[in-house]
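First the structure, in the form of structure tokens, and then the observations on it.
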Amino acid sequence: MSVTVRLQLLLSQFADGQEVVEITADNNIDCLNNLTAQFPGLRRWLFTKQGEVATYVRLFINRRQASVDAELKDGDELLILLAAVGG
């Protein structure tokens with residue numbers, strides 16, 4: 001099933017400048033894995049060295065925050081944001 005992935009500006013740099021990408025996936029994990037297979041430069045931003053989704057990655061399905069293991073439906077929109085921290 002096809003989902004639309006929206007990337008914030010920082011991440012789009014590692015997706016050939018694309019802020020919107022179509023990815024085939026059944027859930028968020030598959031989507032992130034398929035996205036990083038297509039754009040390997042994104043892997044270091046989305047996953048830890050151990051292969052887990054980084055704790056600062058925020059996922060929103062159709063504008064609602066979603067868990068990493070949430071299911072996707074055909075036509076869903078997944079927004080990927082990196083949470084900012086500072087001091």
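Chain lettering (A, B, ...) mirrors the order of the structure tokens, residue numbering begins at 1 for each chain separately, and ligand numbering begins at 1 in order of display.
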
From a DSSP pass on the backbone, collect the residues of region 26-87 of chain A flagged as alpha helix (DSSP H) and hand them back as a list of chain:residue names.
A:Asn28, A:Ile29, A:Asp30, A:Cys31, A:Leu32, A:Asn33, A:Asn34, A:Leu35, A:Thr36, A:Ala37, A:Gln38, A:Arg43, A:Arg44, A:Trp45, A:Leu46

Taking N, CA and C atoms for each residue, export the selection above as a CSV table (one decimal), in the first residue's frame.
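New file out-v4.csv:
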chain,number,residue,atom,x,y,z
A,28,ASN,N,4.6,1.9,10.3
A,28,ASN,CA,5.6,2.9,10.4
A,28,ASN,C,7.0,2.4,10.3
A,29,ILE,N,7.3,1.3,10.9
A,29,ILE,CA,8.6,0.7,10.9
A,29,ILE,C,9.0,0.3,9.4
A,30,ASP,N,8.1,-0.4,8.7
A,30,ASP,CA,8.4,-0.7,7.3
A,30,ASP,C,8.6,0.6,6.5
A,31,CYS,N,7.8,1.6,6.8
A,31,CYS,CA,7.9,2.8,6.0
A,31,CYS,C,9.2,3.5,6.2
A,32,LEU,N,9.7,3.5,7.5
A,32,LEU,CA,11.0,4.1,7.8
A,32,LEU,C,12.1,3.3,7.1
A,33,ASN,N,12.0,2.0,7.2
A,33,ASN,CA,13.0,1.1,6.6
A,33,ASN,C,13.0,1.2,5.1
A,34,ASN,N,11.9,1.3,4.4
A,34,ASN,CA,11.8,1.5,3.0
A,34,ASN,C,12.3,2.9,2.6
A,35,LEU,N,12.0,3.8,3.4
A,35,LEU,CA,12.5,5.2,3.1
A,35,LEU,C,14.0,5.3,3.2
A,36,THR,N,14.6,4.7,4.2
A,36,THR,CA,16.0,4.7,4.3
A,36,THR,C,16.7,3.8,3.3
A,37,ALA,N,16.0,2.8,2.8
A,37,ALA,CA,16.6,2.0,1.7
A,37,ALA,C,16.7,2.8,0.5
A,38,GLN,N,15.7,3.7,0.3
A,38,GLN,CA,15.7,4.5,-0.9
A,38,GLN,C,16.6,5.7,-0.8
A,43,ARG,N,19.1,7.4,7.3
A,43,ARG,CA,19.2,6.4,8.3
A,43,ARG,C,19.8,7.0,9.6
A,44,ARG,N,20.9,7.7,9.5
A,44,ARG,CA,21.6,8.2,10.7
A,44,ARG,C,20.7,9.2,11.5
A,45,TRP,N,19.7,9.8,10.8
A,45,TRP,CA,18.8,10.7,11.5
A,45,TRP,C,17.6,10.0,12.1
A,46,LEU,N,17.2,8.9,11.6
A,46,LEU,CA,16.0,8.2,12.0
A,46,LEU,C,16.2,7.1,13.0

Any idea what's packed within 6 Å of region 65-73 of chain A, counting only C-alpha atoms, ignoring anything in its chain fewer than 2 positions away? Could you give it as an NGL selection string?
:A and (26-28 or 59-60 or 76)

With C-alpha atoms kept, could you save the residues just selected as a compact mmCIF listing (two decimals), in the first residue's frame?
# COMPACT_ATOMS: atom_id res chain seq x y z
CA ASP A 26 2.06 -1.49 5.97
CA ASN A 27 3.30 0.16 9.17
CA ASN A 28 5.59 2.92 10.39
CA LEU A 59 5.64 10.35 13.66
CA PHE A 60 2.22 11.70 12.73
CA ASP A 76 -2.28 7.76 4.65

For Thr55 (chain A), the closest of A:Ala83, A:Leu78, A:Gln18, A:Gln13 counting only C-alpha atoms is A:Ala83

Considering only C-alpha atoms, state which residue in the set A:Leu79, A:Leu42, A:Met1, A:Val57 is at the smallest distance from Val20 (chain A).
A:Leu79

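Of note, CA of Gly51 (chain A) and CA of Ser2 (chain A) are spaced 23.7 Å apart.
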
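The space between CA of Arg6 (chain A) and CA of Glu19 (chain A) spans 5.6 Å.
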
When you count only C-alpha atoms, which of these residues is closest to Thr4 (chain A): A:Tyr56, A:Gly41, A:Gly17, A:Glu77?
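Residue with the minimum atom-to-atom distance to Thr4 (chain A): A:Glu77.
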
If you run DSSP over the backbone, which residues in region 33-83 of chain A end up strand (DSSP E)? Put them as a PyMOL selection string.
chain A and resi 57-61+64-66+77-82
